[in-house]
file input.cif (mmCIF, N, CA and C atoms)
data_model
loop_
_atom_site.label_atom_id
_atom_site.label_comp_id
_atom_site.auth_asym_id
_atom_site.auth_seq_id
_atom_site.Cartn_x
_atom_site.Cartn_y
_atom_site.Cartn_z
N MET A 1 52.43 -60.08 -237.27
CA MET A 1 53.77 -60.44 -237.59
C MET A 1 54.31 -61.48 -236.60
N PHE A 2 53.99 -61.32 -235.32
CA PHE A 2 54.47 -62.26 -234.32
C PHE A 2 53.77 -63.60 -234.44
N ARG A 3 52.53 -63.57 -234.87
CA ARG A 3 51.79 -64.82 -234.98
C ARG A 3 52.31 -65.69 -236.14
N ARG A 4 52.75 -65.04 -237.21
CA ARG A 4 53.28 -65.82 -238.33
C ARG A 4 54.51 -66.63 -237.90
N ARG A 5 55.36 -66.05 -237.14
CA ARG A 5 56.58 -66.75 -236.69
C ARG A 5 56.23 -67.89 -235.74
N ALA A 6 55.31 -67.66 -234.84
CA ALA A 6 54.90 -68.72 -233.91
C ALA A 6 54.23 -69.85 -234.68
N ARG A 7 53.45 -69.53 -235.68
CA ARG A 7 52.79 -70.55 -236.49
C ARG A 7 53.85 -71.35 -237.27
N ALA A 8 54.84 -70.69 -237.83
CA ALA A 8 55.90 -71.38 -238.57
C ALA A 8 56.70 -72.28 -237.64
N ASP A 9 56.98 -71.81 -236.44
CA ASP A 9 57.70 -72.64 -235.47
C ASP A 9 56.88 -73.86 -235.09
N ARG A 10 55.59 -73.68 -234.87
CA ARG A 10 54.71 -74.80 -234.51
C ARG A 10 54.65 -75.82 -235.65
N GLU A 11 54.53 -75.35 -236.90
CA GLU A 11 54.50 -76.28 -238.04
C GLU A 11 55.82 -77.03 -238.17
N PHE A 12 56.92 -76.33 -237.93
CA PHE A 12 58.23 -76.98 -238.00
C PHE A 12 58.35 -78.07 -236.94
N ARG A 13 57.91 -77.78 -235.71
CA ARG A 13 57.97 -78.78 -234.63
C ARG A 13 57.10 -79.98 -234.94
N GLU A 14 55.92 -79.75 -235.53
CA GLU A 14 55.04 -80.86 -235.89
C GLU A 14 55.69 -81.76 -236.95
N VAL A 15 56.29 -81.15 -237.95
CA VAL A 15 56.98 -81.92 -238.99
C VAL A 15 58.16 -82.67 -238.38
N GLN A 16 58.87 -82.04 -237.46
CA GLN A 16 60.01 -82.68 -236.81
C GLN A 16 59.55 -83.89 -235.99
N ARG A 17 58.46 -83.75 -235.25
CA ARG A 17 57.92 -84.88 -234.46
C ARG A 17 57.47 -86.01 -235.37
N ALA A 18 56.83 -85.68 -236.49
CA ALA A 18 56.37 -86.71 -237.42
C ALA A 18 57.58 -87.46 -238.00
N GLY A 19 58.64 -86.73 -238.32
CA GLY A 19 59.84 -87.38 -238.83
C GLY A 19 60.48 -88.29 -237.80
N GLN A 20 60.55 -87.84 -236.55
CA GLN A 20 61.11 -88.68 -235.50
C GLN A 20 60.27 -89.93 -235.27
N ALA A 21 58.94 -89.78 -235.31
CA ALA A 21 58.06 -90.94 -235.14
C ALA A 21 58.26 -91.93 -236.28
N LEU A 22 58.43 -91.43 -237.49
CA LEU A 22 58.67 -92.31 -238.63
C LEU A 22 60.00 -93.04 -238.50
N LEU A 23 61.04 -92.33 -238.05
CA LEU A 23 62.34 -92.97 -237.83
C LEU A 23 62.26 -94.05 -236.76
N LEU A 24 61.53 -93.78 -235.67
CA LEU A 24 61.38 -94.78 -234.62
C LEU A 24 60.63 -96.01 -235.13
N LYS A 25 59.63 -95.77 -235.96
CA LYS A 25 58.85 -96.88 -236.51
C LYS A 25 59.76 -97.80 -237.34
N PHE A 26 60.61 -97.20 -238.19
CA PHE A 26 61.49 -98.02 -239.02
C PHE A 26 62.63 -98.63 -238.21
N ALA A 27 63.06 -97.97 -237.15
CA ALA A 27 64.13 -98.51 -236.31
C ALA A 27 63.67 -99.75 -235.56
N GLN A 28 62.40 -99.85 -235.25
CA GLN A 28 61.87 -100.99 -234.50
C GLN A 28 61.63 -102.19 -235.40
N GLN A 29 61.48 -101.99 -236.68
CA GLN A 29 61.24 -103.11 -237.59
C GLN A 29 62.57 -103.75 -237.96
N PRO A 30 62.63 -105.10 -237.95
CA PRO A 30 63.88 -105.75 -238.35
C PRO A 30 64.10 -105.62 -239.85
N SER A 31 65.34 -105.46 -240.23
CA SER A 31 65.69 -105.36 -241.63
C SER A 31 65.68 -106.75 -242.25
N PRO A 32 65.20 -106.89 -243.48
CA PRO A 32 65.23 -108.22 -244.10
C PRO A 32 66.65 -108.70 -244.39
N LEU A 33 67.61 -107.80 -244.41
CA LEU A 33 68.99 -108.19 -244.68
C LEU A 33 69.72 -108.64 -243.42
N ASP A 34 69.23 -108.23 -242.25
CA ASP A 34 69.88 -108.61 -241.00
C ASP A 34 69.54 -110.04 -240.64
N THR A 35 70.51 -110.72 -240.05
CA THR A 35 70.25 -112.06 -239.53
C THR A 35 69.95 -111.93 -238.06
N ASN A 36 69.16 -112.83 -237.55
CA ASN A 36 68.79 -112.79 -236.15
C ASN A 36 69.92 -113.39 -235.33
N PRO A 37 70.57 -112.60 -234.46
CA PRO A 37 71.69 -113.14 -233.71
C PRO A 37 71.28 -114.15 -232.64
N THR A 38 70.00 -114.20 -232.28
CA THR A 38 69.58 -115.15 -231.25
C THR A 38 69.42 -116.55 -231.80
N GLU A 39 69.22 -116.65 -233.11
CA GLU A 39 69.06 -117.96 -233.71
C GLU A 39 70.43 -118.55 -234.02
N THR A 40 70.62 -119.82 -233.71
CA THR A 40 71.87 -120.51 -234.05
C THR A 40 71.53 -121.68 -234.94
N PRO A 41 72.42 -122.04 -235.83
CA PRO A 41 72.15 -123.21 -236.66
C PRO A 41 72.02 -124.45 -235.80
N THR A 42 71.25 -125.37 -236.28
CA THR A 42 71.00 -126.58 -235.50
C THR A 42 72.29 -127.37 -235.34
N GLY A 43 72.55 -127.78 -234.11
CA GLY A 43 73.69 -128.64 -233.82
C GLY A 43 74.98 -127.90 -233.54
N THR A 44 74.98 -126.56 -233.59
CA THR A 44 76.20 -125.83 -233.29
C THR A 44 75.91 -124.82 -232.19
N GLU A 45 76.89 -124.53 -231.44
CA GLU A 45 76.80 -123.51 -230.40
C GLU A 45 77.41 -122.21 -230.94
N PRO A 46 77.08 -121.07 -230.33
CA PRO A 46 77.64 -119.80 -230.84
C PRO A 46 79.15 -119.76 -230.79
N ASP A 47 79.80 -120.41 -229.80
CA ASP A 47 81.24 -120.36 -229.72
C ASP A 47 81.93 -121.39 -230.61
N GLU A 48 81.17 -122.17 -231.36
CA GLU A 48 81.72 -123.16 -232.28
C GLU A 48 81.60 -122.71 -233.73
N ALA A 49 81.66 -121.40 -233.96
CA ALA A 49 81.51 -120.88 -235.32
C ALA A 49 82.71 -121.32 -236.16
N PRO A 50 82.46 -121.67 -237.41
CA PRO A 50 83.58 -122.09 -238.26
C PRO A 50 84.52 -120.92 -238.54
N VAL A 51 85.80 -121.19 -238.55
CA VAL A 51 86.80 -120.17 -238.82
C VAL A 51 87.05 -120.12 -240.32
N VAL A 52 86.83 -118.95 -240.89
CA VAL A 52 87.01 -118.76 -242.32
C VAL A 52 88.20 -117.82 -242.50
N PRO A 53 89.24 -118.24 -243.20
CA PRO A 53 90.38 -117.34 -243.39
C PRO A 53 90.00 -116.17 -244.29
N ASP A 54 90.46 -114.98 -243.91
CA ASP A 54 90.14 -113.79 -244.71
C ASP A 54 91.27 -113.40 -245.64
N LEU A 55 92.32 -114.18 -245.69
CA LEU A 55 93.44 -113.88 -246.57
C LEU A 55 93.42 -114.80 -247.79
N PRO A 56 93.90 -114.32 -248.91
CA PRO A 56 93.98 -115.20 -250.08
C PRO A 56 95.04 -116.27 -249.87
N PRO A 57 95.02 -117.32 -250.67
CA PRO A 57 96.05 -118.36 -250.53
C PRO A 57 97.45 -117.79 -250.77
N LEU A 58 98.45 -118.49 -250.27
CA LEU A 58 99.83 -118.00 -250.35
C LEU A 58 100.30 -117.75 -251.78
N ASP A 59 99.86 -118.57 -252.73
CA ASP A 59 100.32 -118.39 -254.10
C ASP A 59 99.69 -117.18 -254.78
N LEU A 60 98.64 -116.59 -254.20
CA LEU A 60 98.01 -115.41 -254.78
C LEU A 60 98.43 -114.12 -254.08
N ARG A 61 99.18 -114.20 -253.00
CA ARG A 61 99.59 -113.01 -252.27
C ARG A 61 100.80 -112.35 -252.92
N ALA A 62 100.81 -111.03 -252.89
CA ALA A 62 101.96 -110.27 -253.38
C ALA A 62 103.02 -110.24 -252.29
N PRO A 63 104.27 -110.22 -252.65
CA PRO A 63 105.32 -110.15 -251.64
C PRO A 63 105.27 -108.84 -250.87
N ALA A 64 105.63 -108.86 -249.61
CA ALA A 64 105.67 -107.66 -248.79
C ALA A 64 106.95 -106.88 -249.11
N HIS A 65 107.00 -105.62 -248.66
CA HIS A 65 108.18 -104.78 -248.90
C HIS A 65 109.44 -105.40 -248.33
N ARG A 66 109.32 -106.06 -247.20
CA ARG A 66 110.50 -106.66 -246.58
C ARG A 66 110.97 -107.91 -247.32
N ASP A 67 110.13 -108.46 -248.20
CA ASP A 67 110.48 -109.68 -248.92
C ASP A 67 111.13 -109.43 -250.27
N VAL A 68 111.18 -108.18 -250.73
CA VAL A 68 111.78 -107.87 -252.03
C VAL A 68 112.96 -106.93 -251.83
N GLU A 69 113.87 -106.95 -252.76
CA GLU A 69 115.05 -106.08 -252.69
C GLU A 69 114.72 -104.65 -253.11
N GLY A 70 113.73 -104.49 -253.98
CA GLY A 70 113.37 -103.15 -254.43
C GLY A 70 112.33 -103.20 -255.54
N PHE A 71 112.01 -102.01 -256.03
CA PHE A 71 111.01 -101.85 -257.09
C PHE A 71 111.64 -101.06 -258.22
N LEU A 72 111.15 -101.26 -259.43
CA LEU A 72 111.66 -100.49 -260.54
C LEU A 72 110.53 -100.12 -261.48
N MET A 73 110.71 -98.97 -262.13
CA MET A 73 109.72 -98.51 -263.11
C MET A 73 110.46 -97.82 -264.25
N ARG A 74 109.80 -97.76 -265.37
CA ARG A 74 110.35 -97.10 -266.55
C ARG A 74 109.93 -95.63 -266.52
N TRP A 75 110.83 -94.72 -266.89
CA TRP A 75 110.53 -93.29 -266.95
C TRP A 75 111.06 -92.78 -268.29
N ASP A 76 110.16 -92.69 -269.28
CA ASP A 76 110.55 -92.33 -270.64
C ASP A 76 110.79 -90.84 -270.87
N PRO A 77 109.95 -89.93 -270.35
CA PRO A 77 110.21 -88.51 -270.64
C PRO A 77 111.41 -88.01 -269.84
N PRO A 78 111.88 -86.79 -270.14
CA PRO A 78 112.98 -86.24 -269.34
C PRO A 78 112.56 -86.14 -267.87
N LEU A 79 113.48 -86.47 -267.00
CA LEU A 79 113.22 -86.46 -265.56
C LEU A 79 113.62 -85.09 -265.02
N VAL A 80 112.63 -84.33 -264.52
CA VAL A 80 112.88 -82.99 -264.01
C VAL A 80 112.85 -83.06 -262.48
N ILE A 81 113.97 -82.68 -261.86
CA ILE A 81 114.09 -82.67 -260.41
C ILE A 81 114.47 -81.27 -259.97
N ASP A 82 113.66 -80.66 -259.14
CA ASP A 82 113.90 -79.30 -258.65
C ASP A 82 114.09 -78.30 -259.78
N GLY A 83 113.33 -78.46 -260.85
CA GLY A 83 113.36 -77.52 -261.96
C GLY A 83 114.47 -77.74 -262.97
N ALA A 84 115.29 -78.76 -262.78
CA ALA A 84 116.38 -79.03 -263.72
C ALA A 84 116.21 -80.43 -264.32
N VAL A 85 116.54 -80.56 -265.60
CA VAL A 85 116.45 -81.85 -266.26
C VAL A 85 117.63 -82.70 -265.82
N GLN A 86 117.36 -83.89 -265.35
CA GLN A 86 118.40 -84.80 -264.89
C GLN A 86 119.04 -85.51 -266.08
N ALA A 87 120.36 -85.49 -266.14
CA ALA A 87 121.10 -86.16 -267.21
C ALA A 87 122.06 -87.15 -266.57
N CYS A 88 122.40 -88.18 -267.33
CA CYS A 88 123.35 -89.18 -266.86
C CYS A 88 124.72 -88.53 -266.69
N SER A 89 125.38 -88.80 -265.58
CA SER A 89 126.68 -88.18 -265.32
C SER A 89 127.78 -88.75 -266.21
N THR A 90 127.55 -89.93 -266.80
CA THR A 90 128.59 -90.56 -267.62
C THR A 90 128.39 -90.26 -269.11
N CYS A 91 127.17 -90.52 -269.62
CA CYS A 91 126.97 -90.38 -271.07
C CYS A 91 126.12 -89.17 -271.47
N GLY A 92 125.48 -88.50 -270.52
CA GLY A 92 124.73 -87.28 -270.81
C GLY A 92 123.31 -87.48 -271.31
N VAL A 93 122.83 -88.72 -271.39
CA VAL A 93 121.46 -88.95 -271.86
C VAL A 93 120.49 -88.46 -270.78
N TYR A 94 119.34 -87.92 -271.23
CA TYR A 94 118.39 -87.36 -270.27
C TYR A 94 116.99 -87.97 -270.38
N ARG A 95 116.83 -89.01 -271.18
CA ARG A 95 115.54 -89.69 -271.32
C ARG A 95 115.71 -91.17 -271.07
N ASP A 96 114.56 -91.86 -271.06
CA ASP A 96 114.54 -93.32 -271.02
C ASP A 96 115.29 -93.88 -269.80
N TRP A 97 114.81 -93.47 -268.62
CA TRP A 97 115.41 -93.92 -267.36
C TRP A 97 114.70 -95.16 -266.83
N ILE A 98 115.40 -95.93 -266.05
CA ILE A 98 114.81 -96.93 -265.18
C ILE A 98 115.04 -96.40 -263.77
N VAL A 99 113.98 -96.22 -263.02
CA VAL A 99 114.07 -95.70 -261.65
C VAL A 99 113.96 -96.89 -260.71
N LEU A 100 114.96 -97.09 -259.87
CA LEU A 100 114.99 -98.19 -258.93
C LEU A 100 114.79 -97.63 -257.51
N ASN A 101 113.85 -98.20 -256.78
CA ASN A 101 113.62 -97.84 -255.39
C ASN A 101 114.01 -99.05 -254.55
N LEU A 102 115.11 -98.94 -253.82
CA LEU A 102 115.62 -100.08 -253.05
C LEU A 102 114.98 -100.14 -251.67
N ARG A 103 115.18 -101.27 -251.03
CA ARG A 103 114.57 -101.52 -249.73
C ARG A 103 115.01 -100.50 -248.69
N ASP A 104 116.22 -99.98 -248.78
CA ASP A 104 116.72 -99.02 -247.79
C ASP A 104 116.17 -97.60 -248.00
N GLY A 105 115.34 -97.40 -249.03
CA GLY A 105 114.73 -96.10 -249.28
C GLY A 105 115.47 -95.25 -250.28
N SER A 106 116.61 -95.71 -250.76
CA SER A 106 117.36 -94.94 -251.74
C SER A 106 116.77 -95.14 -253.13
N VAL A 107 116.91 -94.12 -253.96
CA VAL A 107 116.43 -94.16 -255.34
C VAL A 107 117.63 -94.03 -256.26
N TRP A 108 117.72 -94.95 -257.21
CA TRP A 108 118.80 -94.98 -258.18
C TRP A 108 118.23 -94.80 -259.57
N LEU A 109 118.98 -94.15 -260.44
CA LEU A 109 118.59 -93.96 -261.83
C LEU A 109 119.54 -94.76 -262.70
N ARG A 110 118.98 -95.42 -263.71
CA ARG A 110 119.78 -96.21 -264.64
C ARG A 110 119.42 -95.76 -266.05
N CYS A 111 120.41 -95.34 -266.80
CA CYS A 111 120.16 -94.89 -268.17
C CYS A 111 120.12 -96.10 -269.10
N ALA A 112 119.80 -95.84 -270.36
CA ALA A 112 119.69 -96.93 -271.33
C ALA A 112 121.03 -97.59 -271.61
N ALA A 113 122.13 -96.87 -271.38
CA ALA A 113 123.46 -97.44 -271.61
C ALA A 113 123.91 -98.31 -270.44
N GLY A 114 123.16 -98.31 -269.33
CA GLY A 114 123.50 -99.17 -268.20
C GLY A 114 124.24 -98.46 -267.08
N HIS A 115 124.42 -97.16 -267.18
CA HIS A 115 125.09 -96.42 -266.10
C HIS A 115 124.09 -96.18 -264.97
N GLN A 116 124.55 -96.37 -263.75
CA GLN A 116 123.68 -96.15 -262.59
C GLN A 116 124.24 -95.05 -261.72
N GLN A 117 123.31 -94.24 -261.15
CA GLN A 117 123.72 -93.20 -260.23
C GLN A 117 122.64 -93.04 -259.18
N ARG A 118 123.07 -92.82 -257.96
CA ARG A 118 122.12 -92.60 -256.87
C ARG A 118 121.63 -91.17 -256.96
N GLU A 119 120.33 -90.99 -256.73
CA GLU A 119 119.74 -89.65 -256.77
C GLU A 119 119.24 -89.32 -255.36
N PRO A 120 120.00 -88.51 -254.59
CA PRO A 120 119.61 -88.22 -253.21
C PRO A 120 118.41 -87.31 -253.09
N ARG A 121 118.04 -86.59 -254.17
CA ARG A 121 116.88 -85.70 -254.10
C ARG A 121 115.56 -86.44 -254.23
N LEU A 122 115.60 -87.70 -254.61
CA LEU A 122 114.39 -88.51 -254.73
C LEU A 122 114.35 -89.51 -253.59
N ASP A 123 113.13 -89.84 -253.15
CA ASP A 123 112.98 -90.80 -252.06
C ASP A 123 111.82 -91.73 -252.36
N THR A 124 111.53 -92.60 -251.40
CA THR A 124 110.47 -93.58 -251.59
C THR A 124 109.11 -92.92 -251.77
N ALA A 125 108.88 -91.81 -251.08
CA ALA A 125 107.60 -91.10 -251.23
C ALA A 125 107.43 -90.59 -252.66
N TRP A 126 108.48 -90.05 -253.26
CA TRP A 126 108.41 -89.62 -254.65
C TRP A 126 108.11 -90.81 -255.56
N TYR A 127 108.81 -91.92 -255.33
CA TYR A 127 108.61 -93.10 -256.15
C TYR A 127 107.16 -93.59 -256.04
N THR A 128 106.63 -93.63 -254.83
CA THR A 128 105.27 -94.11 -254.63
C THR A 128 104.25 -93.21 -255.32
N ARG A 129 104.48 -91.90 -255.30
CA ARG A 129 103.56 -90.97 -255.97
C ARG A 129 103.56 -91.15 -257.47
N HIS A 130 104.69 -91.50 -258.06
CA HIS A 130 104.80 -91.55 -259.51
C HIS A 130 104.69 -92.94 -260.11
N ALA A 131 104.87 -93.96 -259.32
CA ALA A 131 104.80 -95.33 -259.85
C ALA A 131 103.34 -95.79 -259.86
N GLY A 132 103.01 -96.55 -260.86
CA GLY A 132 101.69 -97.12 -260.93
C GLY A 132 101.63 -98.38 -260.08
N PRO A 133 100.52 -99.08 -260.14
CA PRO A 133 100.42 -100.31 -259.37
C PRO A 133 101.40 -101.35 -259.90
N GLY A 134 102.05 -102.03 -259.00
CA GLY A 134 103.02 -103.05 -259.40
C GLY A 134 102.32 -104.37 -259.67
N GLY A 135 102.59 -104.95 -260.80
CA GLY A 135 101.93 -106.20 -261.11
C GLY A 135 102.88 -107.30 -261.52
N ASP A 136 104.10 -106.94 -261.88
CA ASP A 136 105.08 -107.93 -262.33
C ASP A 136 106.15 -108.12 -261.26
N TRP A 137 106.46 -109.37 -260.98
CA TRP A 137 107.48 -109.71 -259.99
C TRP A 137 108.58 -110.49 -260.69
N HIS A 138 109.81 -110.08 -260.50
CA HIS A 138 110.94 -110.72 -261.15
C HIS A 138 111.94 -111.19 -260.10
N PRO A 139 112.50 -112.38 -260.29
CA PRO A 139 113.42 -112.91 -259.27
C PRO A 139 114.76 -112.17 -259.21
N THR A 140 115.20 -111.56 -260.31
CA THR A 140 116.48 -110.85 -260.31
C THR A 140 116.31 -109.48 -260.96
N LEU A 141 117.26 -108.61 -260.70
CA LEU A 141 117.25 -107.29 -261.31
C LEU A 141 117.37 -107.38 -262.82
N GLU A 142 118.19 -108.30 -263.30
CA GLU A 142 118.38 -108.44 -264.73
C GLU A 142 117.07 -108.84 -265.44
N ASP A 143 116.28 -109.72 -264.81
CA ASP A 143 114.98 -110.08 -265.39
C ASP A 143 114.05 -108.88 -265.44
N GLY A 144 114.05 -108.07 -264.39
CA GLY A 144 113.21 -106.89 -264.38
C GLY A 144 113.63 -105.90 -265.43
N LEU A 145 114.95 -105.70 -265.60
CA LEU A 145 115.44 -104.77 -266.63
C LEU A 145 115.12 -105.28 -268.03
N ARG A 146 115.24 -106.58 -268.22
CA ARG A 146 114.91 -107.17 -269.52
C ARG A 146 113.43 -106.99 -269.82
N HIS A 147 112.59 -107.13 -268.79
CA HIS A 147 111.15 -106.96 -268.96
C HIS A 147 110.81 -105.52 -269.36
N LEU A 148 111.55 -104.55 -268.82
CA LEU A 148 111.31 -103.15 -269.14
C LEU A 148 112.03 -102.68 -270.40
N GLY A 149 112.79 -103.56 -271.05
CA GLY A 149 113.42 -103.22 -272.31
C GLY A 149 114.83 -102.68 -272.19
N HIS A 150 115.52 -102.90 -271.09
CA HIS A 150 116.90 -102.41 -270.93
C HIS A 150 117.86 -103.58 -270.91
#
call {"tool": "encode", "arguments": {"input": "input.cif", "output": "structure tokens"}}
result
Amino acid sequence: MFRRRARADREFREVQRAGQALLLKFAQQPSPLDTNPTETPTGTEPDEAPVVPDLPPLDLRAPAHRDVEGFLMRWDPPLVIDGAVQACSTCGVYRDWIVLNLRDGSVWLRCAAGHQQREPRLDTAWYTRHAGPGGDWHPTLEDGLRHLGH
């Protein structure tokens, strides 16, 4: 019984050594995908590497949060906040909202009739969780509302 365990341990160590030797063999061989850092292109020095910008051109960049007044999204189903359906305080409608997230972090709700009310129970984190990726940029709030059908 004792010999079987010693034999199993010895076989395990042999397999482990063979695996380590194989790893060392492959670690010493250069990868065909790697470039040789000691070689430099003819006529250039290592400190004269060309500078390649990693950012897209200005006309392809999306505006930063500080550059826009806010974000808006359409919310067609009833809006449930803390277990209660949110209704417009003026006209009583409870569907077809436009949710506005302003730069200061406040969230406003706008009904289809154009009434707006601030919703203190919602914040930017809620908006970010529920809004999809933004792809349309509008210069004014009215253009954005027109785009969303309000």
call {"tool": "residues_around", "arguments": {"input": "input.cif", "residues": "range 109-119 of chain A", "least_positions_apart": "5", "cutoff": "6.5 Å", "atoms": "all atoms listed in the file", "output": "list in words"}}
result
Arg95, Asp96, Trp97, Ile98, Val99, Leu100 and His150 of chain A
call {"tool": "atom_distance", "arguments": {"input": "input.cif", "atom1": "atom N of Arg146 in chain A", "atom2": "CA of Cys88 in chain A"}}
result
19.2 Å
call {"tool": "atom_distance", "arguments": {"input": "input.cif", "atom1": "atom N of Ala64 in chain A", "atom2": "atom N of Trp137 in chain A"}}
result
11.4 Å
call {"tool": "atom_distance", "arguments": {"input": "input.cif", "atom1": "CA of Asp123 in chain A", "atom2": "atom C of Arg103 in chain A"}}
result
10.5 Å
call {"tool": "select_by_dssp", "arguments": {"input": "input.cif", "residues": "chain A", "states": "strand (DSSP E)", "output": "list in words"}}
result
Gly70, Phe71, Leu72, Met73, Arg74, Trp75, Val80, Ile81, Ala84, Val85, Trp97, Ile98, Val99, Leu100, Asn101, Leu102, Val107, Trp108, Leu109, Arg110, Gln116, Gln117 and Arg118 of chain A
call {"tool": "resolve_selection", "arguments": {"input": "input.cif", "expression": "the PyMOL selection byres (((chain A and resi 68 and name CA) around 10) and name CA)", "output": "PDB file with N, CA and C atoms, in the coordinates of the input"}}
result
ATOM      1  N   PRO A  63     104.270-110.220-252.650  1.00  0.00           N
ATOM      2  CA  PRO A  63     105.320-110.150-251.640  1.00  0.00           C
ATOM      3  C   PRO A  63     105.270-108.840-250.870  1.00  0.00           C
ATOM      4  N   ALA A  64     105.630-108.860-249.610  1.00  0.00           N
ATOM      5  CA  ALA A  64     105.670-107.660-248.790  1.00  0.00           C
ATOM      6  C   ALA A  64     106.950-106.880-249.110  1.00  0.00           C
ATOM      7  N   HIS A  65     107.000-105.620-248.660  1.00  0.00           N
ATOM      8  CA  HIS A  65     108.180-104.780-248.900  1.00  0.00           C
ATOM      9  C   HIS A  65     109.440-105.400-248.330  1.00  0.00           C
ATOM     10  N   ARG A  66     109.320-106.060-247.200  1.00  0.00           N
ATOM     11  CA  ARG A  66     110.500-106.660-246.580  1.00  0.00           C
ATOM     12  C   ARG A  66     110.970-107.910-247.320  1.00  0.00           C
ATOM     13  N   ASP A  67     110.130-108.460-248.200  1.00  0.00           N
ATOM     14  CA  ASP A  67     110.480-109.680-248.920  1.00  0.00           C
ATOM     15  C   ASP A  67     111.130-109.430-250.270  1.00  0.00           C
ATOM     16  N   GLU A  69     113.870-106.950-252.760  1.00  0.00           N
ATOM     17  CA  GLU A  69     115.050-106.080-252.690  1.00  0.00           C
ATOM     18  C   GLU A  69     114.720-104.650-253.110  1.00  0.00           C
ATOM     19  N   GLY A  70     113.730-104.490-253.980  1.00  0.00           N
ATOM     20  CA  GLY A  70     113.370-103.150-254.430  1.00  0.00           C
ATOM     21  C   GLY A  70     112.330-103.200-255.540  1.00  0.00           C
ATOM     22  N   PHE A  71     112.010-102.010-256.030  1.00  0.00           N
ATOM     23  CA  PHE A  71     111.010-101.850-257.090  1.00  0.00           C
ATOM     24  C   PHE A  71     111.640-101.060-258.220  1.00  0.00           C
ATOM     25  N   LEU A 102     115.110 -98.940-253.820  1.00  0.00           N
ATOM     26  CA  LEU A 102     115.620-100.080-253.050  1.00  0.00           C
ATOM     27  C   LEU A 102     114.980-100.140-251.670  1.00  0.00           C
ATOM     28  N   ARG A 103     115.180-101.270-251.030  1.00  0.00           N
ATOM     29  CA  ARG A 103     114.570-101.520-249.730  1.00  0.00           C
ATOM     30  C   ARG A 103     115.010-100.500-248.690  1.00  0.00           C
ATOM     31  N   TRP A 137     106.460-109.370-260.980  1.00  0.00           N
ATOM     32  CA  TRP A 137     107.480-109.710-259.990  1.00  0.00           C
ATOM     33  C   TRP A 137     108.580-110.490-260.690  1.00  0.00           C
ATOM     34  N   HIS A 138     109.810-110.080-260.500  1.00  0.00           N
ATOM     35  CA  HIS A 138     110.940-110.720-261.150  1.00  0.00           C
ATOM     36  C   HIS A 138     111.940-111.190-260.100  1.00  0.00           C
ATOM     37  N   PRO A 139     112.500-112.380-260.290  1.00  0.00           N
ATOM     38  CA  PRO A 139     113.420-112.910-259.270  1.00  0.00           C
ATOM     39  C   PRO A 139     114.760-112.170-259.210  1.00  0.00           C
ATOM     40  N   THR A 140     115.200-111.560-260.310  1.00  0.00           N
ATOM     41  CA  THR A 140     116.480-110.850-260.310  1.00  0.00           C
ATOM     42  C   THR A 140     116.310-109.480-260.960  1.00  0.00           C
TER      43      THR A 140
END
call {"tool": "select_by_dssp", "arguments": {"input": "input.cif", "residues": "range 65-132 of chain A", "states": "alpha helix (DSSP H)", "output": "PyMOL selection string"}}
result
chain A and resi 124-130
